[in-house]
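Source file: coords_4.csv. Holds: CSV, C-alpha atoms.
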```
chain,number,residue,atom,x,y,z
A,1,MET,CA,87.1,87.0,102.0
A,2,GLY,CA,90.6,87.5,103.5
A,3,ARG,CA,91.4,86.7,107.1
A,4,LEU,CA,92.1,90.4,107.8
A,5,ASP,CA,89.3,92.0,105.9
A,6,THR,CA,88.4,95.5,107.3
A,7,LYS,CA,91.4,95.4,109.7
A,8,VAL,CA,94.0,98.2,109.9
A,9,ALA,CA,97.5,96.9,110.6
A,10,ILE,CA,100.7,98.8,111.4
A,11,ILE,CA,104.0,97.0,110.7
A,12,THR,CA,107.2,98.6,111.9
A,13,GLY,CA,110.4,97.7,110.1
A,14,ALA,CA,108.2,96.9,107.2
A,15,ALA,CA,110.4,97.8,104.3
A,16,SER,CA,112.5,94.6,104.3
A,17,GLY,CA,112.8,91.1,105.7
A,18,ILE,CA,110.1,89.7,107.9
A,19,GLY,CA,108.3,93.1,107.9
A,20,ARG,CA,108.1,93.2,104.1
A,21,ALA,CA,107.0,89.6,103.7
A,22,THR,CA,104.3,90.2,106.4
A,23,ALA,CA,103.1,93.4,104.7
A,24,LEU,CA,102.7,91.5,101.4
A,25,ARG,CA,100.8,88.7,103.1
A,26,PHE,CA,98.5,91.1,105.1
A,27,GLY,CA,97.7,92.9,101.9
A,28,VAL,CA,96.6,89.6,100.2
A,29,GLU,CA,94.5,88.9,103.3
A,30,GLY,CA,92.5,92.1,103.0
A,31,ALA,CA,94.2,94.4,105.6
A,32,LYS,CA,94.8,98.1,105.2
A,33,VAL,CA,98.5,98.1,105.8
A,34,VAL,CA,100.6,100.9,107.3
A,35,VAL,CA,104.2,100.4,106.2
A,36,ALA,CA,106.2,102.1,108.9
A,37,ASP,CA,110.0,102.4,108.4
A,38,LEU,CA,112.9,104.8,108.2
A,39,SER,CA,113.6,103.7,104.6
A,40,GLU,CA,111.5,106.0,102.5
A,41,LYS,CA,112.1,104.7,99.0
A,42,GLU,CA,111.6,101.0,99.8
A,43,GLY,CA,108.7,101.7,102.2
A,44,ALA,CA,106.8,104.0,99.8
A,45,GLU,CA,107.3,101.5,96.9
A,46,LEU,CA,105.9,98.6,99.1
A,47,ALA,CA,103.0,100.7,100.3
A,48,LYS,CA,102.1,101.5,96.7
A,49,GLU,CA,102.4,97.9,95.7
A,50,ILE,CA,99.9,96.7,98.3
A,51,GLY,CA,97.6,99.7,98.3
A,52,GLY,CA,98.7,100.7,101.8
A,53,THR,CA,100.2,103.8,103.4
A,54,PHE,CA,103.8,104.6,104.1
A,55,VAL,CA,104.8,106.4,107.3
A,56,LYS,CA,108.4,107.3,108.0
A,57,VAL,CA,109.1,106.7,111.6
A,58,ASN,CA,111.9,106.4,114.0
A,59,VAL,CA,110.5,103.8,116.4
A,60,ALA,CA,113.1,104.7,119.1
A,61,ASP,CA,111.8,108.3,119.3
A,62,GLU,CA,108.7,109.1,121.3
A,63,GLU,CA,107.5,112.0,119.2
A,64,SER,CA,108.0,110.1,115.9
A,65,VAL,CA,105.9,107.2,117.2
A,66,LYS,CA,103.1,109.5,118.3
A,67,ALA,CA,103.2,111.2,114.9
A,68,MET,CA,102.9,107.8,113.2
A,69,TYR,CA,99.8,107.0,115.2
A,70,ALA,CA,98.3,110.4,114.4
A,71,THR,CA,98.8,109.8,110.7
A,72,VAL,CA,97.2,106.3,111.0
A,73,VAL,CA,94.1,107.7,112.8
A,74,ALA,CA,93.8,110.5,110.3
A,75,THR,CA,94.0,108.1,107.4
A,76,TYR,CA,92.1,105.1,108.6
A,77,GLY,CA,90.3,106.2,111.8
A,78,GLY,CA,92.0,103.7,114.0
A,79,VAL,CA,94.0,100.5,114.2
A,80,ASP,CA,93.4,96.8,114.9
A,81,ILE,CA,96.8,95.1,114.6
A,82,LEU,CA,100.2,96.1,115.7
A,83,PHE,CA,103.2,94.2,114.5
A,84,ASN,CA,106.1,95.7,116.4
A,85,ASN,CA,108.9,94.2,114.3
A,86,ALA,CA,111.6,96.8,113.8
A,87,GLY,CA,115.0,95.8,115.2
A,88,ILE,CA,118.8,96.0,114.7
A,89,SER,CA,121.7,93.6,115.3
A,90,PRO,CA,124.9,95.7,114.6
A,91,ALA,CA,128.4,94.2,114.4
A,92,ASP,CA,129.6,96.1,117.5
A,93,ASP,CA,127.1,94.3,119.7
A,94,ASP,CA,129.1,91.2,120.6
A,95,SER,CA,130.6,89.8,123.8
A,96,ILE,CA,129.9,91.7,127.0
A,97,LEU,CA,133.6,92.0,127.3
A,98,THR,CA,133.9,94.0,124.0
A,99,THR,CA,130.5,95.7,123.6
A,100,GLU,CA,130.6,99.3,124.6
A,101,LEU,CA,127.9,101.2,126.3
A,102,ASP,CA,126.9,103.2,123.2
A,103,ALA,CA,126.3,100.0,121.2
A,104,TRP,CA,124.4,98.5,124.1
A,105,GLN,CA,122.1,101.5,124.4
A,106,ARG,CA,121.5,101.9,120.7
A,107,VAL,CA,120.3,98.3,120.4
A,108,GLN,CA,118.1,98.6,123.5
A,109,ASP,CA,116.5,101.8,122.1
A,110,VAL,CA,115.6,100.3,118.7
A,111,ASN,CA,114.7,96.8,119.9
A,112,LEU,CA,113.1,97.2,123.3
A,113,THR,CA,112.2,100.9,123.9
A,114,SER,CA,110.5,101.0,120.5
A,115,VAL,CA,108.2,98.2,121.5
A,116,TYR,CA,107.4,100.0,124.8
A,117,LEU,CA,106.6,103.2,122.8
A,118,CYS,CA,104.5,101.5,120.2
A,119,CYS,CA,102.5,99.6,122.8
A,120,LYS,CA,102.1,102.6,125.1
A,121,TYR,CA,100.6,104.8,122.4
A,122,GLY,CA,99.0,102.0,120.3
A,123,ILE,CA,97.1,100.2,123.1
A,124,PRO,CA,94.7,103.1,123.7
A,125,LEU,CA,93.8,103.0,120.0
A,126,LEU,CA,93.1,99.3,120.2
A,127,LEU,CA,90.9,99.8,123.3
A,128,GLU,CA,88.9,102.3,121.3
A,129,ARG,CA,88.1,99.5,118.7
A,130,GLY,CA,87.2,97.1,121.5
A,131,GLY,CA,90.4,95.1,121.2
A,132,GLY,CA,92.9,93.8,118.8
A,133,SER,CA,96.1,91.9,118.3
A,134,ILE,CA,99.7,92.9,119.1
A,135,ILE,CA,102.6,90.8,117.9
A,136,ASN,CA,106.0,91.8,119.2
A,137,THR,CA,109.1,90.4,117.5
A,138,ALA,CA,111.3,88.8,120.1
A,139,SER,CA,113.7,85.9,119.2
A,140,PHE,CA,114.6,82.4,120.0
A,141,VAL,CA,117.6,83.9,121.9
A,142,ALA,CA,115.0,85.3,124.4
A,143,VAL,CA,114.6,81.7,125.7
A,144,LEU,CA,118.0,80.2,124.8
A,145,GLY,CA,121.6,81.4,125.1
A,146,SER,CA,122.9,82.5,121.7
A,147,ALA,CA,125.6,80.4,120.1
A,148,THR,CA,127.2,83.6,118.9
A,149,SER,CA,127.3,86.4,121.5
A,150,GLN,CA,125.3,89.5,120.9
A,151,ILE,CA,124.7,90.7,124.4
A,152,SER,CA,122.5,93.7,124.0
A,153,TYR,CA,120.4,92.0,121.3
A,154,THR,CA,119.8,89.0,123.4
A,155,ALA,CA,118.9,91.1,126.5
A,156,SER,CA,116.6,93.3,124.4
A,157,LYS,CA,114.7,90.4,123.1
A,158,GLY,CA,114.3,88.9,126.5
A,159,GLY,CA,112.8,92.2,127.5
A,160,VAL,CA,110.4,92.1,124.6
A,161,LEU,CA,109.3,88.6,125.6
A,162,SER,CA,108.7,89.6,129.3
A,163,MET,CA,106.9,92.8,128.4
A,164,SER,CA,104.6,91.0,125.9
A,165,ARG,CA,103.6,88.4,128.5
A,166,GLU,CA,102.7,91.2,131.0
A,167,LEU,CA,100.7,93.2,128.5
A,168,GLY,CA,98.9,90.1,127.3
A,169,VAL,CA,97.8,89.3,130.9
A,170,GLN,CA,97.0,92.9,131.7
A,171,PHE,CA,94.7,93.6,128.8
A,172,ALA,CA,93.2,90.2,128.1
A,173,ARG,CA,89.8,91.0,129.4
A,174,GLN,CA,89.7,94.2,127.3
A,175,GLY,CA,89.9,92.2,124.1
A,176,ILE,CA,93.6,92.7,123.4
A,177,ARG,CA,95.9,89.8,122.8
A,178,VAL,CA,99.7,90.3,123.0
A,179,ASN,CA,102.1,87.6,121.8
A,180,ALA,CA,105.8,87.5,121.4
A,181,LEU,CA,107.0,86.1,118.1
A,182,CYS,CA,110.3,84.2,118.6
A,183,PRO,CA,111.8,83.4,115.2
A,184,GLY,CA,114.9,81.4,114.7
A,185,PRO,CA,117.6,82.7,112.2
A,186,VAL,CA,115.8,84.1,109.2
A,187,ASN,CA,117.2,84.6,105.7
A,188,THR,CA,116.9,88.4,105.7
A,189,PRO,CA,119.2,91.1,104.4
A,190,LEU,CA,120.2,91.8,108.1
A,191,LEU,CA,121.3,88.2,108.6
A,192,GLN,CA,122.9,87.9,105.2
A,193,GLU,CA,125.0,91.1,105.8
A,194,LEU,CA,126.0,89.9,109.3
A,195,PHE,CA,127.1,86.4,108.2
A,196,ALA,CA,128.7,87.4,104.9
A,197,LYS,CA,131.2,89.2,107.0
A,198,ASP,CA,131.8,86.2,109.2
A,199,PRO,CA,131.1,82.8,107.6
A,200,GLU,CA,132.3,81.0,110.7
A,201,ARG,CA,129.6,82.7,112.7
A,202,ALA,CA,127.0,81.6,110.2
A,203,ALA,CA,128.2,78.0,110.4
A,204,ARG,CA,128.0,78.1,114.2
A,205,ARG,CA,124.5,79.3,114.0
A,206,LEU,CA,123.3,76.9,111.3
A,207,VAL,CA,124.6,73.8,113.0
A,208,HIS,CA,122.0,74.3,115.8
A,209,VAL,CA,119.0,74.3,113.5
A,210,PRO,CA,117.5,70.8,113.1
A,211,ALA,CA,115.9,71.8,109.8
A,212,GLY,CA,119.4,72.4,108.4
A,213,ARG,CA,118.5,75.8,107.0
A,214,PHE,CA,117.5,79.3,108.0
A,215,ALA,CA,113.8,80.3,107.8
A,216,GLU,CA,112.5,82.3,104.9
A,217,PRO,CA,110.7,85.5,105.7
A,218,GLU,CA,107.5,84.2,104.2
A,219,GLU,CA,107.4,81.4,106.7
A,220,ILE,CA,107.6,83.8,109.6
A,221,ALA,CA,105.0,86.0,107.9
A,222,SER,CA,102.6,83.0,108.0
A,223,ALA,CA,103.1,82.8,111.8
A,224,VAL,CA,102.4,86.5,112.1
A,225,LEU,CA,99.2,86.2,110.1
A,226,PHE,CA,98.0,83.5,112.4
A,227,LEU,CA,98.7,85.6,115.5
A,228,ALA,CA,97.0,88.6,113.9
A,229,SER,CA,93.9,86.9,112.8
A,230,ASP,CA,90.9,85.4,114.7
A,231,ASP,CA,92.4,82.0,114.0
A,232,SER,CA,94.5,82.6,117.2
A,233,SER,CA,91.6,84.0,119.2
A,234,PHE,CA,92.7,82.0,122.4
A,235,VAL,CA,96.4,82.5,121.9
A,236,ASN,CA,97.6,85.2,124.3
A,237,ALA,CA,100.8,86.1,126.3
A,238,SER,CA,102.5,83.3,124.5
A,239,THR,CA,106.2,82.6,123.6
A,240,PHE,CA,105.5,81.8,120.0
A,241,LEU,CA,108.6,79.9,118.8
A,242,VAL,CA,109.1,79.6,115.0
A,243,ASP,CA,112.6,78.3,115.0
A,244,GLY,CA,112.9,75.1,113.0
A,245,GLY,CA,113.2,73.1,116.2
A,246,ILE,CA,116.2,74.9,117.8
A,247,HIS,CA,114.6,75.0,121.2
A,248,GLY,CA,114.0,71.3,121.2
A,249,ALA,CA,117.5,70.2,120.1
A,250,TYR,CA,120.4,69.1,122.2
A,251,VAL,CA,122.8,68.7,119.3
A,252,THR,CA,122.1,68.4,115.6
A,253,PRO,CA,124.1,65.9,113.5
A,254,LEU,CA,125.8,67.2,110.4
```
Before we go any further, please render this structure as structure tokens.
Amino acid sequence: MGRLDTKVAIITGAASGIGRATALRFGVEGAKVVVADLSEKEGAELAKEIGGTFVKVNVADEESVKAMYATVVATYGGVDILFNNAGISPADDDSILTTELDAWQRVQDVNLTSVYLCCKYGIPLLLERGGGSIINTASFVAVLGSATSQISYTASKGGVLSMSRELGVQFARQGIRVNALCPGPVNTPLLQELFAKDPERAARRLVHVPAGRFAEPEEIASAVLFLASDDSSFVNASTFLVDGGIHGAYVTPL
């Protein structure tokens, strides 16, 4: 028996990084996994690997999100777990002095508005099932200032954190738990690409991690599994930090 047997889970941004690692873990734990992503090739291959369903979705587009849920209902009859994980951190999102409005808005749309849309249209489906679990990917920068400026990303993740708390409180007595997952830096393609272009930025980020390394996607997937499963039945509206101790450190010796 897996911890997610009989459960239907939607994972956005599932084709790579934390989303991919979580989809693999959910599959092992017995869930029917909906791999939701813009990347058709990688998403379809992953869905086939775990016996799930791939849905192409633009999470920042309302009609695309509604179509995703329609496909899930037609395929599985409903949903029990939402892992709203899709996000971007583009190079042109930097200091507030240099980040232009189009970059600001693009990040807000993908990182924050997408969570609003996925919750807005997903919560009614969870209510039909008598409850469920929502995990929204925020970040450690939602509670701490970032050592490397990324103004729109930081603001978007703060919004995800606040929205998750409010939804967790609002729907608690209807059986829905909503938690904000706040990872530290994770060894994903997104981070690798960003830091390969700027080794100095990577070094500045790493010096703040007491563990002395970035997290692996599988480590974050274990935290998501906990929040998705009944093991966390009394965990709600939480700021769930999985950051290697960054939030507890004043300075880390080299």
Out of A:Ile18, A:Val160, A:Ile134, A:Ala44, which residue has the shortest atom-to-atom distance to Asn187 of chain A when counting only C-alpha atoms?
->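 Answer, going by the shortest atom-to-atom distance: A:Ile18.
For the pair atom CA of Leu127 of chain A and atom CA of Val57 of chain A, the separation is 22.7 Å.
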Distance in Å - atom CA of Phe54 of chain A versus atom CA of Asp37 of chain A =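 Going from atom CA of Phe54 of chain A over to atom CA of Asp37 of chain A, I get 7.9 Å.
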Around the point (100.8, 108.6, 103.9) in the file's coordinates, collect all residues with an atom within 10 Å, using only C-alpha atoms, and return them as a list in words.
->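 Every residue inside that radius is included here: Val34, Val35, Ala36, Ala44, Ala47, Gly52, Thr53, Phe54, Val55, Lys56, Met68, Thr71, Val72, Ala74 and Thr75 of chain A.
Omitting Ser146 of chain A and its sequence neighbours fewer than 2 positions away, and counting only C-alpha atoms, the residues within 12 Å are Asp94, Ser95, Ser139, Phe140, Val141, Ala142, Val143, Leu144, Thr148, Ser149, Gln150, Ile151, Ser152, Tyr153, Thr154, Ala155, Lys157, Gly158, Gly184, Pro185, Arg201, Arg204, Arg205, Leu206, His208, Ile246 and His247 of chain A.
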Which of these, A:Ala70, A:Val207, A:Gln174, A:Pro183, has the shortest distance to Ala221 of chain A once you count all atoms listed in the file?
->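 For Ala221 of chain A, the nearest of the given residues is A:Pro183.
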How far is it from atom CA of Ile176 of chain A to atom CA of Val115 of chain A, in Å with one decimal?
->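 Separation of atom CA of Ile176 of chain A and atom CA of Val115 of chain A: 15.7 Å.
Every protein or nucleic acid residue with an atom no more than 7 Å from segment 79-85 of chain A, counting only C-alpha atoms and leaving out same-chain residues fewer than 2 positions away, appears here: Lys7, Val8, Ala9, Ile10, Ile11, Thr12, Gly13, Gly19, Gly87, Val115, Leu125, Leu126, Gly132, Ser133, Ile134, Ile135, Asn136, Thr137 and Ala228 of chain A.
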Hey, which of A:Met163, A:Val242, A:Val65, A:Leu24 ends up closest to Ala215 of chain A? Count only C-alpha atoms.
-> A:Val242
Selected residue, from A:Phe226, A:Asp102, A:Leu241, A:Leu38, that lies nearest to Leu4 of chain A when counting only C-alpha atoms |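 For Leu4 of chain A, the nearest of the candidates is A:Phe226.
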If you count only C-alpha atoms, which residues fall within 10 Å of Ala249 of chain A, apart from same-chain ones fewer than 3 positions away, as a VMD selection string?
-> chain A and resid 208 to 210 244 to 246 252
Identify, on the basis of all atoms listed in the file, every residue whose closest approach to Leu225 of chain A does not exceed 9 Å; exclude the query and any residue fewer than 3 positions from it along the same chain; express the result as a PDB file with C-alpha atoms, in the coordinates of the input.
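Now in around_11.pdb:
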```
ATOM      1  CA  ARG A   3      91.400  86.700 107.100  1.00  0.00           C
ATOM      2  CA  LEU A   4      92.100  90.400 107.800  1.00  0.00           C
ATOM      3  CA  THR A  22     104.300  90.200 106.400  1.00  0.00           C
ATOM      4  CA  ARG A  25     100.800  88.700 103.100  1.00  0.00           C
ATOM      5  CA  PHE A  26      98.500  91.100 105.100  1.00  0.00           C
ATOM      6  CA  GLU A  29      94.500  88.900 103.300  1.00  0.00           C
ATOM      7  CA  ILE A 220     107.600  83.800 109.600  1.00  0.00           C
ATOM      8  CA  ALA A 221     105.000  86.000 107.900  1.00  0.00           C
ATOM      9  CA  SER A 222     102.600  83.000 108.000  1.00  0.00           C
ATOM     10  CA  ALA A 228      97.000  88.600 113.900  1.00  0.00           C
ATOM     11  CA  SER A 229      93.900  86.900 112.800  1.00  0.00           C
ATOM     12  CA  ASP A 231      92.400  82.000 114.000  1.00  0.00           C
TER      13      ASP A 231
END
```
